[in-house]
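*Asks:* Below are the structure tokens for one structure; questions will follow.
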Amino acid sequence: MTNDLLTLPIKIKTNEPLSRYTYTKTGGPADYLAFPTTRQELKDLLVRARKQKMPVTTLGNSSNLIIKDGGIRGLVIMLPQFNKIEVKQQQITAEAGAAIIAVTKAASKASLTGLEFAAGIPGSVGGAIFMNAGAYGGEIANVVSSIDEILPDGREVQISGSDLHFGYRHSVVQENHGIVVAATFNLQAGQQPQIQNKMDELNALRRSKQPLEYPSCGSVFKRPQGHFTGPLIIKAGLQGKSIGGAQVSNKHAGFIINTGNATATDYLQLIQLIQKTVKEKFAVQLETEVRIIGED
């Protein structure tokens with residue numbers, strides 16, 4: 001069964017620690033970690049995995065993600081080779097593995113406005129679509145024209161922005177289990193100096209408020225209605241709280257950083273402690289924004 005997958009002419013690592021690829025620097029091994037370089041290779045992987053009834057997980061930049069210490073069974077796919085970015089008039093088409101930051105740089109260079117909010121988001125294009133990434137009042141839903149996706153059976157489809165059913169940190173990709181391979185963004189003509197100034201301003205704001213000097217999984221919790229997460233955690237007396245190597249950031253209480261030797265279990269226990277304490281003290285249920293996957 002396993003050899004069947006490994007006969008494909010695709011770079012596949014076995015029993016590969018995913019801590020090498022995540023922003024938190026935590027996470028157990030993948031049974032198989034594949035790096036396809038073309039859409040056809042990706043289709044071949046999916047068809048082969050489906051035939052073997054092997055579960056498939058796709059990872060982007062793994063920036064808003066916690067992979068448990070038991071790792072991920074079956075096939076894990078990463079798309080760093082899918083990184084082309086093309087600008088045509090007021091549209092940018094970017095492959096799923098391209099960094100959103102690289103897309104915002106291309107937009108600025110082409111004097112296109114609409115993506116300024118995303119200038120410092122560390123995710124990939126595919127991950128940004130999957131999660132409807134957003135910051136500083138903007139979100140991906142506002143600028144996506146369409147995506148190309150490969151479904152679990154290997155079929156290639158194009159889905160328009162309006163059919164992606166975007167919501168807060170949600171898109172239809174979370175339900176249809178396809179793999180985003182590219183996205184097209186509709187932008188507007190603007191003035192390059194203003195566009196770049198706005199991006200620089202938001203990046204400076206991000207640097208001043210977020211603990212970018214440490215590994216982390218980004219914003220851990222969704223914003224609860226009528227509240228801000230950071231102040232709730234501070235009022236609960238949990239800023240600076242550590243479990244193992246995971247610590248509630250002293251710079252921004254909505255972030256949990258890896259101070260050097262954290263495990264995914266440290267992260268999960270700290271998240272549970274925050275949820276329990278905030279619920280007890282303020283009757284507010286904090287929901288995780290960070291995606292948590294894998295086995296204990």
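Chain labels follow the order of the structure tokens: the first chain is A, the next B, and so on; residue numbering restarts at 1 in every chain, and ligands are counted from 1 in their shown order.
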DSSP on the backbone, then: every residue of range 32-268 of chain A marked helix (DSSP H, G or I), written as JSON, numbers by chain.
*Replies:* {"A": [39, 40, 41, 42, 43, 44, 45, 46, 47, 48, 49, 50, 51, 100, 101, 102, 103, 104, 105, 106, 107, 108, 109, 116, 117, 118, 125, 126, 127, 128, 129, 130, 131, 140, 141, 142, 161, 162, 163, 164, 173, 174, 175, 176, 192, 193, 194, 195, 196, 197, 198, 199, 200, 201, 202, 203, 204, 205, 206, 207, 208, 209, 229, 230, 231, 232, 233, 234, 235, 264, 265, 266, 267, 268]}
*Asks:* Pick out the residues sitting within 12 Å of Ala128 in chain A, and hand them over as an mmCIF file with N, CA and C atoms, in the first residue's frame; count only C-alpha atoms, and ignore anything fewer than 2 positions along from it in its own chain.
*Replies:*
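After the write, out_24.cif holds the following:
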```
data_model
loop_
_atom_site.group_PDB
_atom_site.id
_atom_site.type_symbol
_atom_site.label_atom_id
_atom_site.label_comp_id
_atom_site.auth_asym_id
_atom_site.auth_seq_id
_atom_site.Cartn_x
_atom_site.Cartn_y
_atom_site.Cartn_z
ATOM 1 N N LEU A 59 -1.106 21.583 3.889
ATOM 2 C CA LEU A 59 -0.584 22.654 4.743
ATOM 3 C C LEU A 59 -0.129 23.822 3.873
ATOM 4 N N GLY A 60 -0.398 25.035 4.342
ATOM 5 C CA GLY A 60 0.136 26.220 3.679
ATOM 6 C C GLY A 60 1.439 26.603 4.372
ATOM 7 N N ASN A 61 1.529 27.865 4.806
ATOM 8 C CA ASN A 61 2.732 28.296 5.531
ATOM 9 C C ASN A 61 2.716 27.851 6.991
ATOM 10 N N SER A 62 1.614 27.224 7.399
ATOM 11 C CA SER A 62 1.470 26.720 8.782
ATOM 12 C C SER A 62 1.711 27.823 9.808
ATOM 13 N N SER A 63 1.173 29.021 9.523
ATOM 14 C CA SER A 63 1.401 30.162 10.412
ATOM 15 C C SER A 63 0.283 30.324 11.447
ATOM 16 N N ASN A 64 -0.955 29.920 11.092
ATOM 17 C CA ASN A 64 -2.068 30.037 12.045
ATOM 18 C C ASN A 64 -2.572 28.626 12.353
ATOM 19 N N ALA A 94 -2.286 34.483 -8.324
ATOM 20 C CA ALA A 94 -1.161 33.926 -7.554
ATOM 21 C C ALA A 94 -1.432 32.467 -7.238
ATOM 22 N N GLU A 95 -0.384 31.651 -7.349
ATOM 23 C CA GLU A 95 -0.535 30.243 -6.995
ATOM 24 C C GLU A 95 -0.614 30.098 -5.475
ATOM 25 N N ALA A 96 -1.149 28.952 -5.045
ATOM 26 C CA ALA A 96 -1.505 28.756 -3.636
ATOM 27 C C ALA A 96 -0.330 28.797 -2.683
ATOM 28 N N GLY A 97 0.854 28.393 -3.146
ATOM 29 C CA GLY A 97 2.014 28.352 -2.260
ATOM 30 C C GLY A 97 2.732 29.679 -2.133
ATOM 31 N N ALA A 98 2.340 30.661 -2.941
ATOM 32 C CA ALA A 98 2.973 31.987 -2.849
ATOM 33 C C ALA A 98 2.594 32.630 -1.518
ATOM 34 N N ALA A 99 3.517 33.375 -0.948
ATOM 35 C CA ALA A 99 3.232 34.084 0.307
ATOM 36 C C ALA A 99 2.325 35.273 0.016
ATOM 37 N N ILE A 100 1.334 35.487 0.873
ATOM 38 C CA ILE A 100 0.446 36.652 0.718
ATOM 39 C C ILE A 100 1.273 37.940 0.740
ATOM 40 N N ILE A 101 2.336 37.965 1.535
ATOM 41 C CA ILE A 101 3.200 39.153 1.593
ATOM 42 C C ILE A 101 3.804 39.442 0.214
ATOM 43 N N VAL A 103 2.462 38.693 -2.643
ATOM 44 C CA VAL A 103 1.369 39.200 -3.495
ATOM 45 C C VAL A 103 1.141 40.689 -3.217
ATOM 46 N N ALA A 118 -3.198 43.228 4.015
ATOM 47 C CA ALA A 118 -2.556 41.903 4.092
ATOM 48 C C ALA A 118 -1.035 41.971 4.052
ATOM 49 N N ILE A 121 0.610 39.766 6.716
ATOM 50 C CA ILE A 121 0.044 38.455 7.065
ATOM 51 C C ILE A 121 0.998 37.361 6.594
ATOM 52 N N PRO A 122 1.460 36.483 7.506
ATOM 53 C CA PRO A 122 2.527 35.551 7.152
ATOM 54 C C PRO A 122 2.077 34.288 6.407
ATOM 55 N N GLY A 123 0.795 34.188 6.057
ATOM 56 C CA GLY A 123 0.296 32.954 5.448
ATOM 57 C C GLY A 123 0.550 32.865 3.957
ATOM 58 N N SER A 124 0.193 31.701 3.399
ATOM 59 C CA SER A 124 0.242 31.492 1.954
ATOM 60 C C SER A 124 -1.093 31.913 1.344
ATOM 61 N N VAL A 125 -1.129 32.008 0.022
ATOM 62 C CA VAL A 125 -2.374 32.351 -0.674
ATOM 63 C C VAL A 125 -3.450 31.298 -0.382
ATOM 64 N N GLY A 126 -3.076 30.021 -0.453
ATOM 65 C CA GLY A 126 -4.044 28.954 -0.189
ATOM 66 C C GLY A 126 -4.604 29.026 1.222
ATOM 67 N N PHE A 130 -8.446 29.696 2.500
ATOM 68 C CA PHE A 130 -9.055 28.702 3.387
ATOM 69 C C PHE A 130 -9.641 29.367 4.624
ATOM 70 N N MET A 131 -8.871 30.285 5.229
ATOM 71 C CA MET A 131 -9.249 30.910 6.502
ATOM 72 C C MET A 131 -9.930 32.274 6.334
ATOM 73 N N ASN A 132 -10.060 32.758 5.079
ATOM 74 C CA ASN A 132 -10.490 34.147 4.868
ATOM 75 C C ASN A 132 -9.688 35.078 5.777
ATOM 76 N N ALA A 133 -8.385 35.062 5.564
ATOM 77 C CA ALA A 133 -7.468 35.846 6.400
ATOM 78 C C ALA A 133 -7.830 37.326 6.351
ATOM 79 N N GLY A 134 -7.632 38.002 7.475
ATOM 80 C CA GLY A 134 -7.935 39.429 7.529
ATOM 81 C C GLY A 134 -7.110 40.135 8.587
ATOM 82 N N ALA A 135 -7.040 41.445 8.462
ATOM 83 C CA ALA A 135 -6.332 42.275 9.441
ATOM 84 C C ALA A 135 -6.690 43.726 9.174
ATOM 85 N N GLU A 139 -10.293 42.028 4.633
ATOM 86 C CA GLU A 139 -10.216 40.572 4.585
ATOM 87 C C GLU A 139 -10.168 40.100 3.137
ATOM 88 N N ILE A 140 -9.665 38.896 2.963
ATOM 89 C CA ILE A 140 -9.455 38.320 1.638
ATOM 90 C C ILE A 140 -10.760 38.295 0.831
ATOM 91 N N ALA A 141 -11.889 38.034 1.522
ATOM 92 C CA ALA A 141 -13.196 37.956 0.845
ATOM 93 C C ALA A 141 -13.473 39.192 -0.017
ATOM 94 N N VAL A 143 -11.521 40.898 -1.891
ATOM 95 C CA VAL A 143 -10.695 41.091 -3.093
ATOM 96 C C VAL A 143 -10.595 39.857 -3.994
ATOM 97 N N VAL A 144 -11.163 38.721 -3.580
ATOM 98 C CA VAL A 144 -11.017 37.509 -4.391
ATOM 99 C C VAL A 144 -12.052 37.470 -5.506
ATOM 100 N N ILE A 147 -11.115 31.271 -7.535
ATOM 101 C CA ILE A 147 -9.993 30.381 -7.212
ATOM 102 C C ILE A 147 -10.027 29.163 -8.131
ATOM 103 N N PHE A 166 -17.619 33.068 1.980
ATOM 104 C CA PHE A 166 -16.696 33.577 2.991
ATOM 105 C C PHE A 166 -17.449 34.030 4.240
ATOM 106 N N TYR A 168 -16.387 34.854 8.789
ATOM 107 C CA TYR A 168 -15.265 35.183 9.672
ATOM 108 C C TYR A 168 -14.354 33.961 9.817
ATOM 109 N N ARG A 169 -13.156 34.081 9.267
ATOM 110 C CA ARG A 169 -12.151 32.999 9.270
ATOM 111 C C ARG A 169 -12.714 31.697 8.683
ATOM 112 N N HIS A 170 -13.544 31.849 7.639
ATOM 113 C CA HIS A 170 -14.194 30.680 7.045
ATOM 114 C C HIS A 170 -14.346 30.847 5.529
ATOM 115 N N SER A 171 -14.221 29.732 4.800
ATOM 116 C CA SER A 171 -14.585 29.688 3.382
ATOM 117 C C SER A 171 -15.096 28.293 3.059
ATOM 118 N N VAL A 173 -13.957 26.199 1.174
ATOM 119 C CA VAL A 173 -12.855 25.232 1.038
ATOM 120 C C VAL A 173 -12.765 24.337 2.283
ATOM 121 N N GLN A 174 -13.191 24.864 3.424
ATOM 122 C CA GLN A 174 -13.164 24.061 4.660
ATOM 123 C C GLN A 174 -14.172 22.917 4.605
ATOM 124 N N VAL A 180 -6.766 24.366 -2.829
ATOM 125 C CA VAL A 180 -6.637 25.594 -3.624
ATOM 126 C C VAL A 180 -5.284 25.539 -4.344
ATOM 127 N N ALA A 182 -4.688 28.085 -6.994
ATOM 128 C CA ALA A 182 -4.423 29.474 -7.403
ATOM 129 C C ALA A 182 -5.623 30.335 -7.047
ATOM 130 N N ALA A 183 -5.381 31.638 -6.946
ATOM 131 C CA ALA A 183 -6.467 32.591 -6.682
ATOM 132 C C ALA A 183 -6.232 33.847 -7.501
#
```
*Asks:* Which of range 203-292 of chain A end up as strand (DSSP E or B) when DSSP is run on this backbone - answer as a ChimeraX atom specification?
*Replies:* /A:216-219,221,242-243,246-248,255-258,288,291-292
*Asks:* Would you output that residue set with C-alpha atoms, as a tab-separated table (two decimals), in the first residue's frame?
*Replies:*
```tsv
chain	number	residue	atom	x	y	z
A	216	SER	CA	3.99	31.70	17.50
A	217	CYS	CA	0.77	30.57	15.83
A	218	GLY	CA	-0.46	34.12	15.28
A	219	SER	CA	-3.75	35.25	16.76
A	221	PHE	CA	-8.62	33.28	19.50
A	242	SER	CA	3.66	29.81	30.88
A	243	ILE	CA	3.06	26.09	30.55
A	246	ALA	CA	4.53	28.08	25.71
A	247	GLN	CA	3.86	31.54	27.10
A	248	VAL	CA	1.12	34.16	26.80
A	255	PHE	CA	-0.57	35.57	21.10
A	256	ILE	CA	1.11	32.49	22.59
A	257	ILE	CA	4.83	32.30	21.89
A	258	ASN	CA	7.33	29.45	21.95
A	288	THR	CA	-9.91	29.36	18.80
A	291	ARG	CA	-6.52	25.67	13.39
A	292	ILE	CA	-5.65	22.63	15.54
```
*Asks:* Can you pull out every residue within 8 Å of range 104-106 of chain A, counting only C-alpha atoms, but drop anything in the same chain fewer than 2 positions away, and send it as a compact mmCIF listing (two decimals) with all heavy atoms, in the first residue's frame?
*Replies:*
```
# COMPACT_ATOMS: atom_id res chain seq x y z
N ILE A 85 3.35 34.40 -9.41
CA ILE A 85 2.45 35.55 -9.24
C ILE A 85 2.44 36.32 -10.56
O ILE A 85 3.51 36.66 -11.09
CB ILE A 85 2.95 36.47 -8.10
CG1 ILE A 85 2.96 35.72 -6.76
CG2 ILE A 85 2.08 37.72 -7.99
CD1 ILE A 85 3.66 36.47 -5.64
N VAL A 87 0.64 39.57 -12.78
CA VAL A 87 -0.19 40.78 -12.76
C VAL A 87 -0.68 41.08 -14.16
O VAL A 87 0.12 41.14 -15.10
CB VAL A 87 0.63 42.00 -12.24
CG1 VAL A 87 -0.25 43.24 -12.17
CG2 VAL A 87 1.23 41.70 -10.88
N ILE A 100 1.33 35.49 0.87
CA ILE A 100 0.45 36.65 0.72
C ILE A 100 1.27 37.94 0.74
O ILE A 100 0.98 38.89 0.01
CB ILE A 100 -0.63 36.66 1.83
CG1 ILE A 100 -1.83 35.82 1.37
CG2 ILE A 100 -1.13 38.04 2.16
CD1 ILE A 100 -2.67 36.43 0.27
N ILE A 101 2.34 37.96 1.53
CA ILE A 101 3.20 39.15 1.59
C ILE A 101 3.80 39.44 0.21
O ILE A 101 3.88 40.59 -0.22
CB ILE A 101 4.30 38.97 2.67
CG1 ILE A 101 3.67 39.03 4.07
CG2 ILE A 101 5.40 40.03 2.54
CD1 ILE A 101 4.62 38.68 5.21
N ALA A 102 4.19 38.37 -0.51
CA ALA A 102 4.76 38.54 -1.86
C ALA A 102 3.70 39.11 -2.82
O ALA A 102 4.01 39.93 -3.69
CB ALA A 102 5.29 37.22 -2.38
N SER A 108 1.73 46.47 -4.78
CA SER A 108 2.31 47.80 -4.58
C SER A 108 3.15 48.21 -5.79
O SER A 108 3.02 49.33 -6.30
CB SER A 108 3.18 47.79 -3.32
OG SER A 108 3.84 49.03 -3.18
N LYS A 109 3.96 47.28 -6.27
CA LYS A 109 4.84 47.56 -7.43
C LYS A 109 4.02 47.94 -8.66
O LYS A 109 4.43 48.78 -9.46
CB LYS A 109 5.69 46.32 -7.71
CG LYS A 109 6.83 46.56 -8.68
CD LYS A 109 7.67 45.31 -8.84
CE LYS A 109 8.69 45.50 -9.97
NZ LYS A 109 9.39 44.24 -10.27
N ALA A 110 2.84 47.31 -8.80
CA ALA A 110 1.98 47.57 -9.97
C ALA A 110 0.99 48.71 -9.71
O ALA A 110 0.08 48.94 -10.52
CB ALA A 110 1.22 46.30 -10.34
N LEU A 115 -5.08 45.47 -1.30
CA LEU A 115 -4.44 44.41 -0.51
C LEU A 115 -3.56 44.94 0.61
O LEU A 115 -2.84 44.18 1.25
CB LEU A 115 -3.61 43.49 -1.41
CG LEU A 115 -4.31 42.26 -1.99
CD1 LEU A 115 -3.40 41.55 -2.99
CD2 LEU A 115 -4.75 41.29 -0.90
N GLU A 116 -3.63 46.25 0.86
CA GLU A 116 -2.75 46.84 1.88
C GLU A 116 -2.88 46.14 3.23
O GLU A 116 -1.89 45.92 3.93
CB GLU A 116 -3.04 48.34 2.04
CG GLU A 116 -2.58 49.21 0.88
CD GLU A 116 -3.59 49.30 -0.26
OE1 GLU A 116 -4.47 48.42 -0.36
OE2 GLU A 116 -3.51 50.24 -1.05
N ALA A 118 -3.20 43.23 4.01
CA ALA A 118 -2.56 41.90 4.09
C ALA A 118 -1.04 41.97 4.05
O ALA A 118 -0.37 40.93 4.06
CB ALA A 118 -3.06 41.02 2.95
N ALA A 119 -0.48 43.19 4.07
CA ALA A 119 0.97 43.36 3.84
C ALA A 119 1.85 42.57 4.82
O ALA A 119 2.95 42.19 4.47
CB ALA A 119 1.34 44.83 3.89
```
*Asks:* Can you tell me, as a list in words, what residues are no more than 9 Å from Lys198 in chain A when counting only C-alpha atoms, ignoring any on the same chain fewer than 5 positions away?
*Replies:*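 Everything that qualifies: Glu116, Phe117, Pro193 and Asn203 of chain A.
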*Asks:* Determine the nearest neighbour of His252 in chain A from the options A:Arg206, A:Lys53, A:Lys25, A:Lys279, counting only C-alpha atoms.
*Replies:*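 Going through A:Arg206, A:Lys53, A:Lys25, A:Lys279 one by one, the smallest distance to His252 in chain A is for A:Arg206.
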*Asks:* Would you mind reading off the distance between CA of Ala236 in chain A and CA of Thr277 in chain A, one decimal, in Å?
*Replies:*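 Rounded to one decimal, the two atoms are 6.7 Å apart.
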*Asks:* Please provide as a PyMOL selection string all residues within 8 Å of Phe185 in chain A, with the sequence filter that same-chain residues fewer than 6 positions apart are discarded (counting only C-alpha atoms).
*Replies:* chain A and resi 91-93+143-146
*Asks:* Could the residues in this selection be written to a file with C-alpha atoms, as a compact mmCIF listing (two decimals), in the first residue's frame?
*Replies:*
```txt
# COMPACT_ATOMS: atom_id res chain seq x y z
CA GLN A 91 -5.92 41.60 -11.50
CA ILE A 92 -3.29 39.50 -9.77
CA THR A 93 -3.32 35.71 -10.11
CA VAL A 143 -10.69 41.09 -3.09
CA VAL A 144 -11.02 37.51 -4.39
CA SER A 145 -12.45 37.17 -7.90
CA SER A 146 -12.10 33.37 -8.20
```
*Asks:* Go ahead and compute the interatomic distance for CA of Gln225 in chain A and CA of Asn176 in chain A, in Å to one decimal.
*Replies:*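 It comes out at 27.9 Å.
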*Asks:* I need the residue nearest Pro211 in chain A from this list: A:Ala253, A:Val181, A:Leu286, A:Ala189. Use only C-alpha atoms for the distance.
*Replies:*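 Looking at the shortest contact to Pro211 in chain A, the residue is A:Ala253.
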